[in-house]
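Peer 1: First, the structure itself, so that you have it in front of you.
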Amino acid sequence: MVVQVKPAVGSEEVPSSGTSLATAPIAYDPDLEKIEITLLLEAIYRQYGFDFRAYAFASLRRRVWKRIEIEALPTISALQERILHDRAVMERLLLDLSINVTAMFRDPDFYVAFRQHVVPLLRTYPFIRLWHAGCATGEEAYSMAILLQEEGLYDRARIYATDINEVVLQKAKEGIFGLDRMQEYTQNYLRAGGTRSFSEYYVAKYDGALIARSLLRNIVFSQHNLVTDHSFAEFNVILCRNVLIYFDKTLQARVHKLFYQSLVTFGVLALGNKETLKFSEHEQDYDPLDLREKLYKKVR
């Protein structure tokens with residue numbers, strides 16, 4: 001029996017399975033791998049309702065193999081068997097598949113552009129709704145709360161911060177981050193145009209940095225799946241930064257339609273620096289506010 005294992009990076013050969021000293025490397029079968037990953041994603045969808053079937057394959061493949069190695073399993077099919085019968089394994093895999101790379105005031109130039117181009121528009125509304133789609137552990141939602149507070153807009157704003165992953169949402173609600181990251185976050189904050197001392201927004205507690213409770217009052221953290229769920233309100237701003245790059249073209253089109261339907265006229269869509277409206281169905285429905293920082297205003 002041939003044991004399928006992950007090929008070495010940059011190689012099309014399979015290393016020895018270790019079951020026998022006489023076992024020689026064999027040609028790795030990428031077609032079989034694709035079948036197994038397809039079946040794994042279908043099993044996840046049918047059993048747990050999380051739909052990763054339209055995610056970019058290369059990224060999924062890397063994350064699946066990472067989990068296989070950590071769980072010390074021989075094949076993708078073995079991982080499928082484990083996730084169907086052991087919810088704890090599924091929760092660990094979900095953390096791998098979810099995109100949770102984030103930081104306070106990540107990409108500071110974006111926040112500078114937001115202050116310059118978007119804040120003046122928000123001042124014209126009596127009440128502001130912002131949707132942060134794919135909020136991960138909440139750092140960027142808290143960053144936006146700080147920005148709005150410094151601009152005198154937070155008392156009439158509501159931030160809806162959503163993610164597919166309940167585990168990271170719980171961490172976001174707690175608002176406790178590593179003290180070792182506060183120096184990085186302080187530098188980001190200053191470069192993002194912060195007008196106060198960043199230390200005003202957290203206290204050292206519970207062996208970490210506890211975000212000021214005043215910032216929580218107008219943030220709603222909730223589970224939402226961009227793949228399967230629909231719009232739940234009308235928004236003045238939608239932020240979905242560095243999430244769409246992990247979706248295939250069909251899913252990107254679906255999400256762009258969802259955002260278009262969820263934005264008020266003259267509302268603002270904020271994408272990640274590697275994402276674009278170019279070639280999307282709704283490209284002509286927006287005017288650019290800042291092409292470099294991917295800020296767009298819905299005009300029709």
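Identifiers in this document derive from the order of the structure tokens: chains are assigned A, B, ..., residues are numbered from 1 separately in each chain, and ligands are numbered from 1 in order of occurrence.
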Counting only C-alpha atoms, what is within 9 Å of Glu234 (chain A), bar same-chain residues fewer than 5 positions away, as a PyMOL selection string?
Peer 2: chain A and resi 129-130+261-264
Peer 1: Quick one: residues within 6 Å of region 183-200 of chain A, only C-alpha atoms counted, chain neighbours fewer than 2 positions away excluded, as a PyMOL selection string?
Peer 2: chain A and resi 104-105+108-109+111-112+181+202
Peer 1: Would you save the residues from that selection as a CSV table (one decimal), in the first residue's frame, using C-alpha atoms?
Peer 2:
```csv
chain,number,residue,atom,x,y,z
A,104,MET,CA,-3.7,47.7,15.6
A,105,PHE,CA,-3.5,50.4,12.9
A,108,PRO,CA,-0.9,53.2,9.0
A,109,ASP,CA,-1.1,55.1,5.7
A,111,TYR,CA,-5.8,55.4,8.4
A,112,VAL,CA,-4.2,58.7,7.3
A,181,ARG,CA,3.0,44.1,20.8
A,202,TYR,CA,-5.2,50.3,27.2
```
Peer 1: Grab the CA of Leu271 (chain A) to CA of Arg254 (chain A) distance for me, in Å with one decimal place.
Peer 2: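 CA of Arg254 (chain A) lies 15.0 Å from CA of Leu271 (chain A).
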Peer 1: As an exercise, work out the distance from CA of Leu84 (chain A) to CA of Gly138 (chain A) in Å and give it to one decimal place.
Peer 2: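 Separation of CA of Leu84 (chain A) and CA of Gly138 (chain A): 29.3 Å.
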Peer 1: Could you tell me which of A:His230, A:Ala54, A:Thr75, A:Leu95 comes closest to Leu244 (chain A) if we count only C-alpha atoms?
Peer 2: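 Closest to Leu244 (chain A) of all the choices is A:Ala54.
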Peer 1: Using only C-alpha atoms, which protein or nucleic acid residues come within 12 Å of Thr38 (chain A)? Drop anything in the same chain fewer than 6 positions from it, and give the result as a list in words.
Peer 2: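 Once the nearby chain positions are removed, what remains is Asp31, Leu32, Ile44, Tyr45, Asp51, Phe52, Arg53, Ala54, Tyr55, Phe57, Leu60, Arg61, Val64, Ile76, Ser77 and Gln80 of chain A.
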Peer 1: For Ala157 (chain A), which of A:Arg106, A:Lys171, A:Arg217, A:Arg82 is the closest residue, counting only C-alpha atoms?
Peer 2: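 That would be A:Arg217, the residue with the smallest distance to Ala157 (chain A).
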Peer 1: Select from region 23-174 of chain A everything DSSP, run on the backbone, classes as alpha helix (DSSP H), then give the selection as a compact mmCIF listing (two decimals) with C-alpha atoms, in the first residue's frame.
Peer 2:
```txt
# COMPACT_ATOMS: atom_id res chain seq x y z
CA PRO A 30 -1.45 16.30 -7.59
CA ASP A 31 -4.76 15.14 -9.11
CA LEU A 32 -5.37 12.83 -6.17
CA GLU A 33 -4.45 15.62 -3.77
CA LYS A 34 -6.99 17.92 -5.39
CA ILE A 35 -9.69 15.26 -5.13
CA GLU A 36 -8.95 14.76 -1.44
CA ILE A 37 -8.99 18.49 -0.70
CA THR A 38 -12.27 18.86 -2.60
CA LEU A 39 -13.81 16.06 -0.54
CA LEU A 40 -12.43 17.54 2.68
CA LEU A 41 -13.99 20.95 1.96
CA GLU A 42 -17.29 19.31 1.02
CA ALA A 43 -17.27 17.36 4.29
CA ILE A 44 -16.60 20.55 6.27
CA TYR A 45 -19.49 22.30 4.52
CA ARG A 46 -21.98 19.48 5.00
CA GLN A 47 -21.07 18.73 8.61
CA TYR A 48 -20.31 22.18 10.00
CA PHE A 57 -6.60 26.58 -3.79
CA ALA A 58 -2.91 27.31 -3.20
CA SER A 59 -3.56 29.00 0.15
CA LEU A 60 -5.96 26.26 1.25
CA ARG A 61 -3.48 23.56 0.30
CA ARG A 62 -0.71 25.07 2.45
CA ARG A 63 -3.00 25.43 5.45
CA VAL A 64 -4.42 21.91 5.14
CA TRP A 65 -0.95 20.34 5.00
CA LYS A 66 0.16 22.42 7.98
CA ARG A 67 -2.69 20.94 10.03
CA ILE A 68 -1.95 17.41 8.78
CA GLU A 69 1.66 17.73 9.94
CA ILE A 70 0.69 19.11 13.36
CA ILE A 76 -5.71 14.48 3.64
CA SER A 77 -8.33 11.74 3.81
CA ALA A 78 -7.16 10.91 7.33
CA LEU A 79 -7.67 14.54 8.29
CA GLN A 80 -11.18 14.39 6.84
CA GLU A 81 -11.97 11.36 8.99
CA ARG A 82 -10.69 13.14 12.10
CA ILE A 83 -12.59 16.40 11.57
CA LEU A 84 -15.86 14.51 10.97
CA HIS A 85 -15.60 12.66 14.28
CA ARG A 87 -14.92 18.61 16.73
CA ALA A 88 -11.75 19.76 18.50
CA VAL A 89 -9.71 18.91 15.40
CA MET A 90 -12.23 20.80 13.27
CA GLU A 91 -11.88 23.86 15.49
CA ARG A 92 -8.11 23.75 15.12
CA LEU A 93 -8.40 23.42 11.34
CA LEU A 94 -10.87 26.32 11.25
CA LEU A 95 -8.26 28.52 12.91
CA ASP A 96 -5.84 27.50 10.15
CA LEU A 97 -8.30 28.17 7.32
CA PRO A 108 -0.86 53.19 8.96
CA ASP A 109 -1.09 55.08 5.66
CA PHE A 110 -4.59 53.65 5.21
CA TYR A 111 -5.76 55.39 8.38
CA VAL A 112 -4.16 58.66 7.29
CA ALA A 113 -6.11 58.42 4.02
CA VAL A 119 -14.04 61.41 7.86
CA PRO A 120 -15.32 64.60 6.14
CA LEU A 121 -18.06 62.51 4.49
CA LEU A 122 -19.00 60.87 7.79
CA GLU A 139 -7.40 44.87 16.50
CA GLU A 140 -8.50 46.79 13.41
CA ALA A 141 -12.04 47.31 14.71
CA TYR A 142 -10.60 48.85 17.89
CA SER A 143 -8.28 50.96 15.73
CA MET A 144 -11.27 52.37 13.87
CA ALA A 145 -13.04 53.07 17.18
CA ILE A 146 -10.00 55.06 18.33
CA LEU A 147 -9.87 57.01 15.08
CA LEU A 148 -13.58 57.87 15.24
CA GLN A 149 -13.26 58.91 18.88
CA GLU A 150 -10.39 61.26 18.08
CA GLU A 166 -16.29 32.11 16.86
CA VAL A 167 -12.96 31.48 18.61
CA VAL A 168 -11.31 34.64 17.29
CA LEU A 169 -14.51 36.62 17.88
CA GLN A 170 -14.42 35.67 21.54
CA LYS A 171 -10.85 36.93 21.75
CA ALA A 172 -11.92 40.13 20.01
CA LYS A 173 -14.69 40.68 22.57
CA GLU A 174 -12.21 40.25 25.43
```
Peer 1: Considering only C-alpha atoms, can you say which of A:Gly267, A:Gly49, A:Gly208, A:Gly178 comes closest to Ile128 (chain A)?
Peer 2: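 Comparing A:Gly267, A:Gly49, A:Gly208, A:Gly178 against Ile128 (chain A), the winner is A:Gly267.
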Peer 1: Would you kindly return, as a PDB file with C-alpha atoms, in the first residue's frame, each protein, DNA or RNA residue with an atom no farther than 7 Å from any atom of Gly134 (chain A), considering only C-alpha atoms and excluding same-chain residues fewer than 3 positions away?
Peer 2:
```pdb
ATOM      1  CA  THR A 162     -17.877  40.192  11.949  1.00  0.00           C
ATOM      2  CA  ASP A 163     -15.913  37.040  11.301  1.00  0.00           C
ATOM      3  CA  CYS A 240     -12.910  44.306   4.142  1.00  0.00           C
ATOM      4  CA  VAL A 243      -9.734  39.003   2.828  1.00  0.00           C
TER       5      VAL A 243
END
```
Peer 1: Tell me, which residues of region 165-248 of chain A carry DSSP strand (DSSP E or B), written as a list of chain:residue names?
Peer 2: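 Answer for region 165-248 of chain A restricted to strand (DSSP E or B) is A:Ile176, A:Phe177, A:Tyr202, A:Val203, A:Ala204, A:Lys205, A:Gly208, A:Ala209, A:Leu210, A:Ile211, A:Ile219, A:Val220, A:Phe221, A:Ser222, A:Gln223, A:Phe235, A:Asn236, A:Val237, A:Ile238, A:Leu239, A:Cys240, A:Phe247.
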Peer 1: How would the residues just chosen look if you wrote them out with N, CA and C atoms as a tab-separated table (two decimals), in the first residue's frame?
Peer 2:
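Wrote selection03.tsv, looks like this:
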```
chain	number	residue	atom	x	y	z
A	176	ILE	N	-8.05	41.70	24.85
A	176	ILE	CA	-6.78	41.56	25.56
A	176	ILE	C	-5.70	41.13	24.56
A	177	PHE	N	-4.66	41.92	24.45
A	177	PHE	CA	-3.60	41.65	23.49
A	177	PHE	C	-2.25	41.61	24.19
A	202	TYR	N	-5.31	51.64	26.59
A	202	TYR	CA	-5.22	50.30	27.17
A	202	TYR	C	-4.58	50.38	28.55
A	203	VAL	N	-4.79	49.31	29.33
A	203	VAL	CA	-4.13	49.19	30.63
A	203	VAL	C	-3.48	47.82	30.70
A	204	ALA	N	-2.37	47.73	31.39
A	204	ALA	CA	-1.69	46.45	31.57
A	204	ALA	C	-2.47	45.64	32.60
A	205	LYS	N	-2.98	44.48	32.15
A	205	LYS	CA	-3.82	43.66	33.03
A	205	LYS	C	-3.87	42.25	32.48
A	208	GLY	N	-1.44	41.00	30.03
A	208	GLY	CA	-1.55	41.52	28.67
A	208	GLY	C	-2.00	42.97	28.72
A	209	ALA	N	-2.38	43.49	27.55
A	209	ALA	CA	-2.88	44.86	27.44
A	209	ALA	C	-4.39	44.79	27.24
A	210	LEU	N	-5.14	45.34	28.17
A	210	LEU	CA	-6.60	45.33	28.10
A	210	LEU	C	-7.07	46.63	27.47
A	211	ILE	N	-7.77	46.50	26.33
A	211	ILE	CA	-8.27	47.67	25.62
A	211	ILE	C	-9.28	48.41	26.49
A	219	ILE	N	-19.18	48.90	19.63
A	219	ILE	CA	-18.76	47.82	18.73
A	219	ILE	C	-19.62	46.59	18.99
A	220	VAL	N	-20.15	46.01	17.92
A	220	VAL	CA	-20.92	44.78	18.01
A	220	VAL	C	-20.12	43.69	17.29
A	221	PHE	N	-19.63	42.70	18.04
A	221	PHE	CA	-18.92	41.57	17.45
A	221	PHE	C	-19.93	40.44	17.19
A	222	SER	N	-19.92	39.91	15.96
A	222	SER	CA	-20.92	38.89	15.62
A	222	SER	C	-20.38	37.98	14.52
A	223	GLN	N	-20.87	36.75	14.50
A	223	GLN	CA	-20.45	35.80	13.47
A	223	GLN	C	-21.19	36.09	12.16
A	235	PHE	N	-24.99	50.32	5.38
A	235	PHE	CA	-23.80	50.86	6.03
A	235	PHE	C	-23.28	52.08	5.29
A	236	ASN	N	-22.66	52.98	6.07
A	236	ASN	CA	-21.98	54.13	5.49
A	236	ASN	C	-20.55	53.79	5.08
A	237	VAL	N	-19.96	52.81	5.76
A	237	VAL	CA	-18.61	52.36	5.45
A	237	VAL	C	-18.56	50.84	5.59
A	238	ILE	N	-17.94	50.18	4.62
A	238	ILE	CA	-17.63	48.75	4.73
A	238	ILE	C	-16.13	48.59	4.56
A	239	LEU	N	-15.51	47.94	5.55
A	239	LEU	CA	-14.08	47.65	5.49
A	239	LEU	C	-13.89	46.15	5.37
A	240	CYS	N	-13.25	45.72	4.32
A	240	CYS	CA	-12.91	44.31	4.14
A	240	CYS	C	-11.52	44.26	3.51
A	247	PHE	N	-10.07	34.46	-1.88
A	247	PHE	CA	-11.24	33.91	-2.55
A	247	PHE	C	-10.96	33.77	-4.04
```
Peer 1: Skip Arg292 (chain A) itself and residues of its chain fewer than 3 positions away, then list as a ChimeraX atom specification all residues within 12 Å of it, counting only C-alpha atoms.
Peer 2: /A:107,109-110,112-114,270-276,288-289,295-296
Peer 1: What gap, in Å, lies between CA of Thr265 (chain A) and CA of Lys298 (chain A)?
Peer 2: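 CA of Thr265 (chain A) sits 5.6 Å away from CA of Lys298 (chain A).
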Peer 1: From the options A:Ser98, A:Thr228, A:Ser280, A:Asn242, which residue's atoms come nearest to Lys294 (chain A), counting only C-alpha atoms?
Peer 2: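 Result for the nearest residue to Lys294 (chain A): A:Asn242.
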Peer 1: Looking at only C-alpha atoms, which of A:Leu73, A:Ala161, A:Leu215, A:Ala133 is the one that sits closest to Val227 (chain A)?
Peer 2: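 Checking each candidate against Val227 (chain A), we get A:Ala133 as the closest.
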